[in-house]
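**Q** Sharing entry_33.cif, mmCIF, C-alpha atoms and all ligand atoms:
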data_structure
loop_
_atom_site.label_atom_id
_atom_site.label_comp_id
_atom_site.auth_asym_id
_atom_site.auth_seq_id
_atom_site.Cartn_x
_atom_site.Cartn_y
_atom_site.Cartn_z
CA MET A 148 -1.64 -19.85 17.97
CA PRO A 149 -1.53 -16.25 16.75
CA THR A 150 -4.48 -14.32 15.39
CA ILE A 151 -4.22 -14.48 11.61
CA ILE A 152 -4.83 -10.97 10.29
CA ASP A 153 -6.88 -11.78 7.24
CA GLY A 154 -6.41 -9.04 4.65
CA LYS A 155 -8.37 -10.91 2.02
CA ALA A 156 -11.53 -11.06 4.12
CA THR A 157 -11.06 -7.49 5.39
CA SER A 158 -10.58 -6.21 1.85
CA ALA A 159 -13.77 -7.99 0.73
CA GLN A 160 -15.63 -6.38 3.64
CA ILE A 161 -14.33 -2.89 2.75
CA ARG A 162 -15.27 -3.36 -0.91
CA ALA A 163 -18.78 -4.47 0.10
CA GLU A 164 -19.12 -1.35 2.29
CA LEU A 165 -17.89 0.84 -0.57
CA LYS A 166 -20.38 -0.74 -2.96
CA GLU A 167 -23.23 0.28 -0.66
CA LYS A 168 -21.84 3.79 -0.15
CA THR A 169 -21.34 4.20 -3.91
CA ALA A 170 -24.95 3.25 -4.65
CA LYS A 171 -26.09 5.79 -2.03
CA LEU A 172 -23.81 8.52 -3.37
CA LYS A 173 -25.15 7.94 -6.86
CA ALA A 174 -28.78 7.96 -5.65
CA ASP A 175 -28.27 11.11 -3.54
CA THR A 176 -26.06 13.19 -5.86
CA GLY A 177 -25.76 11.44 -9.25
CA ILE A 178 -22.00 11.22 -8.72
CA ILE A 179 -20.31 8.00 -9.83
CA PRO A 180 -16.73 7.72 -8.54
CA GLY A 181 -14.29 7.53 -11.45
CA LEU A 182 -10.84 5.96 -11.14
CA ALA A 183 -8.41 6.12 -14.05
CA VAL A 184 -5.21 4.14 -14.48
CA LEU A 185 -2.44 4.91 -16.93
CA LEU A 186 -0.28 1.97 -17.95
CA VAL A 187 2.76 2.73 -20.07
CA GLY A 188 4.39 -0.36 -21.59
CA ALA A 189 3.64 -4.02 -21.09
CA ASP A 190 5.23 -4.96 -17.76
CA PRO A 191 3.48 -8.30 -16.97
CA ALA A 192 3.10 -7.64 -13.21
CA SER A 193 1.68 -4.16 -13.92
CA GLN A 194 -0.81 -5.61 -16.38
CA ILE A 195 -2.08 -8.03 -13.72
CA TYR A 196 -2.43 -5.17 -11.17
CA VAL A 197 -4.24 -2.96 -13.67
CA ASN A 198 -6.67 -5.72 -14.64
CA SER A 199 -7.49 -6.43 -11.00
CA LYS A 200 -8.03 -2.71 -10.35
CA GLU A 201 -10.46 -2.54 -13.26
CA LYS A 202 -12.35 -5.62 -12.01
CA ALA A 203 -12.54 -4.24 -8.47
CA CYS A 204 -13.90 -0.89 -9.75
CA LYS A 205 -16.61 -2.53 -11.78
CA GLU A 206 -17.69 -4.76 -8.89
CA ILE A 207 -18.45 -1.81 -6.63
CA GLY A 208 -20.03 0.43 -9.25
CA PHE A 209 -17.16 2.84 -10.00
CA ASN A 210 -16.37 4.07 -13.47
CA SER A 211 -13.04 2.60 -14.47
CA ILE A 212 -10.89 4.17 -17.15
CA ILE A 213 -7.77 2.33 -18.28
CA LYS A 214 -5.42 3.95 -20.74
CA ARG A 215 -2.65 1.79 -22.19
CA MET A 216 0.23 3.51 -23.95
CA PRO A 217 3.16 1.88 -25.77
CA ALA A 218 6.49 1.56 -23.93
CA ASP A 219 8.15 4.03 -26.31
CA SER A 220 5.66 6.83 -25.51
CA SER A 221 7.39 10.11 -24.82
CA GLU A 222 7.43 11.78 -21.40
CA LYS A 223 5.56 14.67 -23.01
CA ASP A 224 2.73 12.36 -24.14
CA VAL A 225 2.46 10.83 -20.67
CA LEU A 226 2.38 14.28 -19.04
CA ALA A 227 -0.35 15.31 -21.50
CA VAL A 228 -2.59 12.46 -20.26
CA VAL A 229 -1.92 13.46 -16.65
CA GLU A 230 -2.84 17.05 -17.44
CA ALA A 231 -6.05 15.99 -19.23
CA TRP A 232 -7.09 13.81 -16.27
CA ASN A 233 -6.28 16.58 -13.78
CA ASN A 234 -8.95 18.63 -15.58
CA ASP A 235 -11.54 15.89 -16.20
CA PRO A 236 -14.40 16.25 -13.67
CA ALA A 237 -15.56 12.65 -14.25
CA ILE A 238 -12.21 11.35 -12.97
CA HIS A 239 -12.04 11.70 -9.19
CA GLY A 240 -8.72 9.97 -8.81
CA PHE A 241 -6.06 8.45 -11.00
CA ILE A 242 -2.81 6.64 -10.83
CA VAL A 243 0.12 6.21 -13.15
CA GLN A 244 1.17 2.59 -12.80
CA LEU A 245 4.83 2.29 -11.76
CA PRO A 246 7.44 1.44 -12.81
CA LEU A 247 7.50 3.66 -15.88
CA PRO A 248 9.88 2.95 -18.79
CA LYS A 249 13.39 4.19 -17.99
CA HIS A 250 13.33 7.19 -20.37
CA ILE A 251 10.43 8.75 -18.40
CA ASP A 252 11.20 10.67 -15.20
CA GLU A 253 8.90 9.12 -12.58
CA ASP A 254 9.29 12.02 -10.15
CA LYS A 255 8.27 14.49 -12.85
CA VAL A 256 5.14 12.46 -13.60
CA ILE A 257 4.22 12.01 -9.91
CA ASN A 258 4.68 15.76 -9.36
CA ALA A 259 2.36 16.53 -12.28
CA VAL A 260 -0.59 14.67 -10.72
CA SER A 261 -2.97 17.08 -9.01
CA PRO A 262 -2.83 16.48 -5.22
CA ASP A 263 -6.66 16.64 -5.35
CA LYS A 264 -6.70 13.45 -7.44
CA ASP A 265 -3.59 11.78 -6.02
CA VAL A 266 -5.33 8.62 -4.81
CA ASP A 267 -1.98 6.77 -4.71
CA GLY A 268 -0.77 9.35 -2.17
CA PHE A 269 2.63 9.58 -3.88
CA HIS A 270 2.69 13.35 -4.52
CA PRO A 271 5.09 15.27 -2.23
CA ALA A 272 2.16 17.47 -1.16
CA SER A 273 0.25 14.37 0.01
CA LEU A 274 3.25 13.04 1.93
CA GLY A 275 3.99 16.47 3.40
CA ARG A 276 0.41 16.82 4.64
CA LEU A 277 0.61 13.31 6.11
CA VAL A 278 3.76 14.21 8.05
CA ILE A 279 2.18 17.28 9.64
CA GLY A 280 -1.08 15.47 10.33
CA LEU A 281 -3.36 17.20 7.81
CA PRO A 282 -6.11 15.38 5.87
CA CYS A 283 -4.64 13.85 2.72
CA PHE A 284 -4.67 10.85 0.47
CA VAL A 285 -2.61 8.27 2.33
CA SER A 286 -0.72 5.89 0.06
CA CYS A 287 -2.65 2.68 -0.20
CA THR A 288 -0.42 0.08 1.45
CA PRO A 289 0.16 2.12 4.65
CA ALA A 290 -3.54 3.04 4.67
CA GLY A 291 -4.35 -0.67 4.41
CA ILE A 292 -2.08 -1.48 7.36
CA MET A 293 -3.78 1.21 9.49
CA GLU A 294 -7.17 -0.24 8.53
CA LEU A 295 -6.05 -3.71 9.62
CA PHE A 296 -4.94 -2.33 13.00
CA LYS A 297 -8.33 -0.63 13.39
CA ARG A 298 -10.45 -3.59 12.36
CA TYR A 299 -8.44 -6.06 14.47
CA ASN A 300 -8.57 -3.71 17.49
CA ILE A 301 -4.80 -3.54 17.78
CA ASP A 302 -4.15 -0.60 20.06
CA MET A 303 -1.08 1.33 18.97
CA LYS A 304 -0.90 3.84 21.82
CA GLY A 305 2.51 3.75 23.48
CA LYS A 306 3.54 0.60 21.64
CA HIS A 307 7.01 0.33 20.18
CA VAL A 308 6.63 -0.16 16.43
CA VAL A 309 9.70 -1.08 14.42
CA VAL A 310 9.40 -0.43 10.69
CA LEU A 311 11.94 -2.26 8.57
CA GLY A 312 12.31 -0.36 5.27
CA ARG A 313 12.16 3.35 4.40
CA SER A 314 10.62 3.46 0.92
CA ASN A 315 8.50 6.47 0.00
CA ILE A 316 5.49 4.27 -0.62
CA VAL A 317 5.53 2.04 2.49
CA GLY A 318 8.20 2.57 5.16
CA LYS A 319 8.19 6.38 5.42
CA PRO A 320 4.42 6.91 5.30
CA ILE A 321 3.54 4.09 7.74
CA ALA A 322 6.20 5.27 10.21
CA ASN A 323 4.89 8.84 9.98
CA LEU A 324 1.28 7.75 10.43
CA LEU A 325 2.06 5.72 13.52
CA TYR A 326 3.75 8.40 15.61
CA GLN A 327 0.97 10.96 15.03
CA LYS A 328 -0.80 12.12 18.18
CA THR A 329 -4.12 10.61 17.09
CA PRO A 330 -6.38 8.03 18.74
CA GLU A 331 -5.53 5.40 16.11
CA ALA A 332 -1.75 5.91 16.40
CA ASN A 333 0.35 7.54 19.15
CA ALA A 334 2.99 4.81 18.95
CA VAL A 335 6.74 5.09 19.45
CA VAL A 336 8.39 4.35 16.12
CA THR A 337 11.84 3.12 15.11
CA ILE A 338 12.79 2.94 11.42
CA CYS A 339 15.44 0.43 10.28
CA HIS A 340 17.20 0.12 6.93
CA THR A 341 20.45 -1.16 5.47
CA GLY A 342 22.32 1.46 7.48
CA ALA A 343 21.60 -0.50 10.68
CA LYS A 344 24.61 -2.63 11.63
CA ASP A 345 22.32 -5.28 13.10
CA PHE A 346 18.59 -4.73 12.63
CA SER A 347 17.79 -7.43 15.18
CA VAL A 348 18.92 -5.09 17.98
CA TYR A 349 15.79 -3.08 17.14
CA THR A 350 13.38 -5.74 15.90
CA LYS A 351 13.82 -7.73 19.12
CA GLN A 352 12.38 -4.73 20.98
CA ALA A 353 9.32 -4.42 18.76
CA ASP A 354 5.81 -4.81 20.14
CA ILE A 355 4.74 -4.44 16.52
CA LEU A 356 7.01 -5.22 13.60
CA ILE A 357 6.28 -3.97 10.09
CA ALA A 358 8.56 -5.57 7.51
CA ALA A 359 8.75 -3.84 4.11
CA VAL A 360 12.16 -4.74 2.73
CA GLY A 361 11.62 -7.02 -0.28
CA VAL A 362 13.95 -9.77 1.01
CA PRO A 363 12.29 -13.21 1.15
CA ASP A 364 12.00 -14.70 4.66
CA LEU A 365 14.52 -12.22 6.14
CA ILE A 366 12.90 -12.11 9.59
CA LYS A 367 13.51 -15.26 11.60
CA ALA A 368 12.32 -16.40 15.02
CA GLU A 369 15.45 -15.07 16.76
CA HIS A 370 14.76 -11.54 15.44
CA VAL A 371 11.48 -11.06 17.34
CA LYS A 372 10.21 -11.27 20.90
CA ASP A 373 7.31 -13.39 22.14
CA GLY A 374 3.89 -11.85 21.58
CA VAL A 375 4.95 -9.55 18.73
CA VAL A 376 2.36 -8.37 16.20
CA VAL A 377 3.81 -8.89 12.71
CA ILE A 378 2.77 -7.05 9.57
CA ASP A 379 4.54 -8.55 6.58
CA VAL A 380 4.37 -6.21 3.59
CA GLY A 381 6.82 -8.14 1.43
CA ILE A 382 5.66 -9.83 -1.73
CA ASN A 383 8.57 -11.79 -3.12
CA ARG A 384 8.72 -14.40 -5.85
CA VAL A 385 10.93 -17.37 -5.09
CA ASP A 386 11.59 -20.22 -7.52
CA ASP A 387 9.60 -23.33 -6.69
CA ASP A 388 9.53 -26.21 -9.15
CA THR A 389 6.66 -27.86 -7.28
CA LYS A 390 4.32 -25.00 -8.31
CA PRO A 391 2.66 -24.94 -11.73
CA ARG A 392 3.94 -21.36 -12.29
CA GLY A 393 7.48 -22.33 -11.24
CA TYR A 394 7.48 -19.89 -8.30
CA ARG A 395 5.71 -19.14 -5.07
CA LEU A 396 5.07 -15.88 -3.24
CA THR A 397 6.64 -15.29 0.13
CA GLY A 398 6.88 -12.38 2.49
CA ASP A 399 9.81 -10.71 4.22
CA VAL A 400 9.04 -12.77 7.32
CA ASP A 401 9.73 -16.48 7.68
CA TYR A 402 6.14 -17.27 8.58
CA ALA A 403 6.75 -20.86 9.75
CA GLN A 404 9.40 -19.67 12.23
CA VAL A 405 7.86 -16.41 13.39
CA ALA A 406 4.12 -17.22 13.61
CA PRO A 407 4.49 -19.47 16.70
CA LYS A 408 6.06 -16.53 18.63
CA ALA A 409 3.58 -13.90 17.40
CA SER A 410 0.30 -12.82 18.98
CA ALA A 411 -0.98 -11.74 15.54
CA ILE A 412 0.47 -11.96 12.04
CA THR A 413 -0.43 -11.25 8.42
CA PRO A 414 0.08 -14.12 5.96
CA VAL A 415 1.58 -13.72 2.48
CA PRO A 416 -0.34 -13.88 0.28
CA GLY A 417 -3.66 -12.78 1.77
CA GLY A 418 -2.45 -10.22 4.31
CA VAL A 419 -1.46 -6.67 3.39
CA GLY A 420 -1.59 -7.25 -0.38
CA PRO A 421 -5.38 -7.34 -0.86
CA MET A 422 -5.78 -4.24 1.33
CA THR A 423 -3.89 -2.07 -1.14
CA ILE A 424 -6.56 -2.15 -3.86
CA ALA A 425 -9.33 -1.74 -1.26
CA MET A 426 -7.68 1.48 -0.04
CA LEU A 427 -7.21 2.76 -3.59
CA LEU A 428 -10.97 2.40 -4.02
CA SER A 429 -11.55 3.99 -0.63
CA ASN A 430 -9.36 6.99 -1.54
CA THR A 431 -11.24 7.39 -4.82
CA PHE A 432 -14.55 7.30 -2.99
CA LYS A 433 -13.30 9.98 -0.58
CA SER A 434 -12.34 12.15 -3.54
CA ALA A 435 -15.70 11.69 -5.29
CA SER A 436 -17.76 12.29 -2.16
CA GLY A 437 -15.68 15.27 -1.04
CA GLU A 438 -14.81 13.57 2.29
CA LEU A 439 -11.30 14.97 2.28
CA LYS A 440 -12.26 18.59 1.66
N1 LIG B 1 1.41 -5.52 -0.10
C1 LIG B 1 1.51 -4.58 -1.03
O1 LIG B 1 0.53 -4.16 -1.60
C2 LIG B 1 2.86 -4.02 -1.32
C3 LIG B 1 3.01 -2.69 -1.72
C4 LIG B 1 4.29 -2.18 -1.91
C5 LIG B 1 5.38 -3.01 -1.73
N2 LIG B 1 5.18 -4.32 -1.39
C6 LIG B 1 6.33 -5.23 -1.17
O2 LIG B 1 6.99 -4.79 0.01
C7 LIG B 1 8.38 -4.99 -0.10
C8 LIG B 1 9.07 -3.65 0.07
O3 LIG B 1 8.66 -2.79 -0.96
P1 LIG B 1 9.16 -1.27 -1.06
O4 LIG B 1 8.67 -0.73 -2.33
O5 LIG B 1 8.84 -0.58 0.21
O6 LIG B 1 10.74 -1.59 -1.17
P2 LIG B 1 12.01 -0.75 -1.59
O7 LIG B 1 11.68 0.56 -2.19
O8 LIG B 1 12.89 -1.71 -2.31
O9 LIG B 1 12.68 -0.46 -0.16
C9 LIG B 1 13.18 -1.50 0.62
C10 LIG B 1 13.64 -0.94 1.94
O10 LIG B 1 14.10 -2.02 2.74
C11 LIG B 1 15.42 -1.75 3.22
N3 LIG B 1 16.17 -3.00 3.25
C12 LIG B 1 16.41 -3.84 2.22
N4 LIG B 1 17.11 -4.91 2.65
C13 LIG B 1 17.34 -4.71 3.97
C14 LIG B 1 18.03 -5.44 4.96
N5 LIG B 1 18.63 -6.60 4.69
N6 LIG B 1 18.06 -4.95 6.22
C15 LIG B 1 17.45 -3.78 6.51
N7 LIG B 1 16.77 -3.03 5.62
C16 LIG B 1 16.72 -3.50 4.35
C17 LIG B 1 16.02 -0.77 2.22
O11 LIG B 1 17.00 -0.03 2.89
P3 LIG B 1 17.83 1.18 2.20
O12 LIG B 1 16.87 2.36 2.16
O13 LIG B 1 18.95 1.40 3.12
O14 LIG B 1 18.20 0.69 0.83
C18 LIG B 1 14.79 0.05 1.81
O15 LIG B 1 14.59 1.12 2.69
C19 LIG B 1 8.58 -5.64 -1.48
O16 LIG B 1 8.58 -7.06 -1.32
C20 LIG B 1 7.36 -5.22 -2.26
O17 LIG B 1 7.01 -6.14 -3.28
C21 LIG B 1 3.96 -4.82 -1.17
#
Could you quickly redo this structure as structure tokens?
**A**
Amino acid sequence: MPTIIDGKATSAQIRAELKEKTAKLKADTGIIPGLAVLLVGADPASQIYVNSKEKACKEIGFNSIIKRMPADSSEKDVLAVVEAWNNDPAIHGFIVQLPLPKHIDEDKVINAVSPDKDVDGFHPASLGRLVIGLPCFVSCTPAGIMELFKRYNIDMKGKHVVVLGRSNIVGKPIANLLYQKTPEANAVVTICHTGAKDFSVYTKQADILIAAVGVPDLIKAEHVKDGVVVIDVGINRVDDDTKPRGYRLTGDVDYAQVAPKASAITPVPGGVGPMTIAMLLSNTFKSASGELK
């Protein structure tokens, strides 16, 4: 049986550690980490994420600021909030919940966030620093994956990692983190996407497979080799009449097929997902405590 990489338990552990560090920071310096979230519109999934971020902040002693704006807010009004938060010393990090309504240019908003408070790690300056190996805010899902490798003692050095997916928030940053010449990385990385004629040519060679494609159960047993470590980033809703909500969540990996071949695997839910909020809190703590400077 594979090792189950338990993101839920690891996230709880990280949040408990942060709670202690926050109390110490406050006692030593009077600083209380402040995380702000801007939610424009009423996207139901975004509302759930924002509520859970607020709850997580409160549990560990952070100040949490949530600003909700109507869906028809202008780009100018959104940029004004970003500008105000860039200059607010009580806010150590903030995020603009995506997706934004269609009439607002997401890139323009992301670019307006000060890289010093970019705890989502989405600003081009953050990604650029990541690529050349400088200290930066690492976007939260890739940071969570790296933390899982560390805490489960999965040695990356010289391993062949295949990353399926090249999004700016998952695929590109995790691939770039893993080939860095650092003790926690130093892997050989292949990136796959829809341009690959047959992704299984690559995935079958993976010592470690990271799937971030958003296609339910795409990866089957025949796509991986024995002993592979599988990180399933996908969070996909599939209709399921047997569930009270009418759907269930599934990853990009067919867990029932792939788990028996794997040496370690993340479940969905309860794998990478819970790590994302933990790393958002961790980034905010780093900003408040000056760890990144
Ligand atoms: N756990 C978390 O906290 C967390 C965070 C973020 C995302 N997610 C989940 O992770 C998944 C990916 O999210 P994302 O934002 O990275 O996705 P995205 O922006 O939609 O990008 C998907 C990537 O997968 C590639 N792809 C799609 N279908 C493919 C196929 N059949 N074969 C090969 N490559 C394929 C796409 O290739 P092209 O570039 O060629 O189009 C693209 O690069 C989603 O299920 C999302 O919900 C989870």
**Q** Which residues of range 154-182 of chain A sit at most 12 Å from range 215-236 of chain A, using all atoms listed in the file? Give each one's shortest atom pair and distance in Å (one decimal place), in chain and ascending residue order, as a tab-separated table.
**A**
residue	atom	partner	partner_atom	distance
A:Ile178	CA	A:Pro236	CA	10.4
A:Ile179	CA	A:Pro236	CA	10.9
A:Pro180	CA	A:Pro236	CA	10.2
A:Gly181	CA	A:Pro236	CA	9.0
A:Leu182	CA	A:Trp232	CA	10.1
**Q** Expressed in Å to a single decimal, how great is the separation between CA of Gln194 in chain A and CA of Pro248 in chain A?
**A** 13.9 Å
**Q** Give, as JSON, the centre coordinates and the x, y and z edge lengths in Å to one decimal for an axis-aligned box around all listed atoms of range 241-244 of chain A, padded by 6 Å on each side.
**A**
{"center_x": -2.4, "center_y": 5.5, "center_z": -12.0, "size_x": 19.2, "size_y": 17.9, "size_z": 14.3}
**Q** To one decimal in Å, tell me the separation between atom O5 of ligand LIG 1 (chain B) and CA of Val400 in chain A.
**A**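 Pair atom O5 of ligand LIG 1 (chain B) / CA of Val400 in chain A returns 14.1 Å.
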**Q** Could you give me the residues within 9 Å of ligand LIG 1 (chain B), counting all atoms listed in the file, as a PDB file with C-alpha atoms, keeping the file's coordinate frame?
**A**
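pocket.pdb, freshly written:
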ATOM      1  CA  CYS A 287      -2.650   2.680  -0.200  1.00  0.00           C
ATOM      2  CA  THR A 288      -0.420   0.080   1.450  1.00  0.00           C
ATOM      3  CA  PRO A 289       0.160   2.120   4.650  1.00  0.00           C
ATOM      4  CA  GLY A 291      -4.350  -0.670   4.410  1.00  0.00           C
ATOM      5  CA  LEU A 311      11.940  -2.260   8.570  1.00  0.00           C
ATOM      6  CA  GLY A 312      12.310  -0.360   5.270  1.00  0.00           C
ATOM      7  CA  ARG A 313      12.160   3.350   4.400  1.00  0.00           C
ATOM      8  CA  SER A 314      10.620   3.460   0.920  1.00  0.00           C
ATOM      9  CA  ASN A 315       8.500   6.470   0.000  1.00  0.00           C
ATOM     10  CA  ILE A 316       5.490   4.270  -0.620  1.00  0.00           C
ATOM     11  CA  VAL A 317       5.530   2.040   2.490  1.00  0.00           C
ATOM     12  CA  GLY A 318       8.200   2.570   5.160  1.00  0.00           C
ATOM     13  CA  LYS A 319       8.190   6.380   5.420  1.00  0.00           C
ATOM     14  CA  CYS A 339      15.440   0.430  10.280  1.00  0.00           C
ATOM     15  CA  HIS A 340      17.200   0.120   6.930  1.00  0.00           C
ATOM     16  CA  THR A 341      20.450  -1.160   5.470  1.00  0.00           C
ATOM     17  CA  GLY A 342      22.320   1.460   7.480  1.00  0.00           C
ATOM     18  CA  ALA A 343      21.600  -0.500  10.680  1.00  0.00           C
ATOM     19  CA  LYS A 344      24.610  -2.630  11.630  1.00  0.00           C
ATOM     20  CA  ASP A 345      22.320  -5.280  13.100  1.00  0.00           C
ATOM     21  CA  PHE A 346      18.590  -4.730  12.630  1.00  0.00           C
ATOM     22  CA  ALA A 358       8.560  -5.570   7.510  1.00  0.00           C
ATOM     23  CA  ALA A 359       8.750  -3.840   4.110  1.00  0.00           C
ATOM     24  CA  VAL A 360      12.160  -4.740   2.730  1.00  0.00           C
ATOM     25  CA  GLY A 361      11.620  -7.020  -0.280  1.00  0.00           C
ATOM     26  CA  VAL A 362      13.950  -9.770   1.010  1.00  0.00           C
ATOM     27  CA  PRO A 363      12.290 -13.210   1.150  1.00  0.00           C
ATOM     28  CA  LEU A 365      14.520 -12.220   6.140  1.00  0.00           C
ATOM     29  CA  ASP A 379       4.540  -8.550   6.580  1.00  0.00           C
ATOM     30  CA  VAL A 380       4.370  -6.210   3.590  1.00  0.00           C
ATOM     31  CA  GLY A 381       6.820  -8.140   1.430  1.00  0.00           C
ATOM     32  CA  ILE A 382       5.660  -9.830  -1.730  1.00  0.00           C
ATOM     33  CA  ASN A 383       8.570 -11.790  -3.120  1.00  0.00           C
ATOM     34  CA  ARG A 384       8.720 -14.400  -5.850  1.00  0.00           C
ATOM     35  CA  THR A 397       6.640 -15.290   0.130  1.00  0.00           C
ATOM     36  CA  GLY A 398       6.880 -12.380   2.490  1.00  0.00           C
ATOM     37  CA  ASP A 399       9.810 -10.710   4.220  1.00  0.00           C
ATOM     38  CA  VAL A 415       1.580 -13.720   2.480  1.00  0.00           C
ATOM     39  CA  PRO A 416      -0.340 -13.880   0.280  1.00  0.00           C
ATOM     40  CA  GLY A 418      -2.450 -10.220   4.310  1.00  0.00           C
ATOM     41  CA  VAL A 419      -1.460  -6.670   3.390  1.00  0.00           C
ATOM     42  CA  GLY A 420      -1.590  -7.250  -0.380  1.00  0.00           C
ATOM     43  CA  PRO A 421      -5.380  -7.340  -0.860  1.00  0.00           C
ATOM     44  CA  MET A 422      -5.780  -4.240   1.330  1.00  0.00           C
ATOM     45  CA  THR A 423      -3.890  -2.070  -1.140  1.00  0.00           C
ATOM     46  CA  ILE A 424      -6.560  -2.150  -3.860  1.00  0.00           C
TER      47      ILE A 424
END
**Q** What's the separation between CA of Cys283 in chain A and CA of Leu427 in chain A, in Å to one decimal place?
**A**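 Between CA of Cys283 in chain A and CA of Leu427 in chain A the gap is 13.0 Å.
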**Q** For Ile213 in chain A, please output as a PyMOL selection string all residues within 7 Å (counting only C-alpha atoms; exclusion window: fewer than 5 positions along the same chain).
**A** chain A and resi 183-185
**Q** Counting all atoms listed in the file, figure out which residue out of A:Ile238, A:Ala368, A:Met148, A:Leu245 gets nearest to Ala189 in chain A.
**A**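 When distances to Ala189 in chain A are compared using all atoms listed in the file, the smallest one comes from A:Leu245.
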**Q** Counting only C-alpha atoms, which residues have an atom no more than 10 Å from (-2.6, 12.9, -8.1) in the file's coordinates? Please list them as a ChimeraX atom specification.
**A** /A:229,232-233,239-243,256-273,284
**Q** Around (-18.2, -1.7, -8.9) in the file's frame, which residues reach within 12 Å when counting only C-alpha atoms? Return as number ranges by chain?
**A** A: 162-170, 179-182, 199-211, 425, 428, 432
**Q** So which residues touch Pro282 in chain A within 10 Å, counting only C-alpha atoms, skipping near sequence neighbours fewer than 4 positions away, as a PyMOL selection string?
**A** chain A and resi 273+276-277+438-440
**Q** Taking all atoms listed in the file into account, name the residue in A:Ile195, A:Met426, A:Leu325, A:Ile251 that is nearest to Gly154 in chain A.
**A**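 Using all atoms listed in the file, the shortest distance to Gly154 in chain A belongs to A:Met426.
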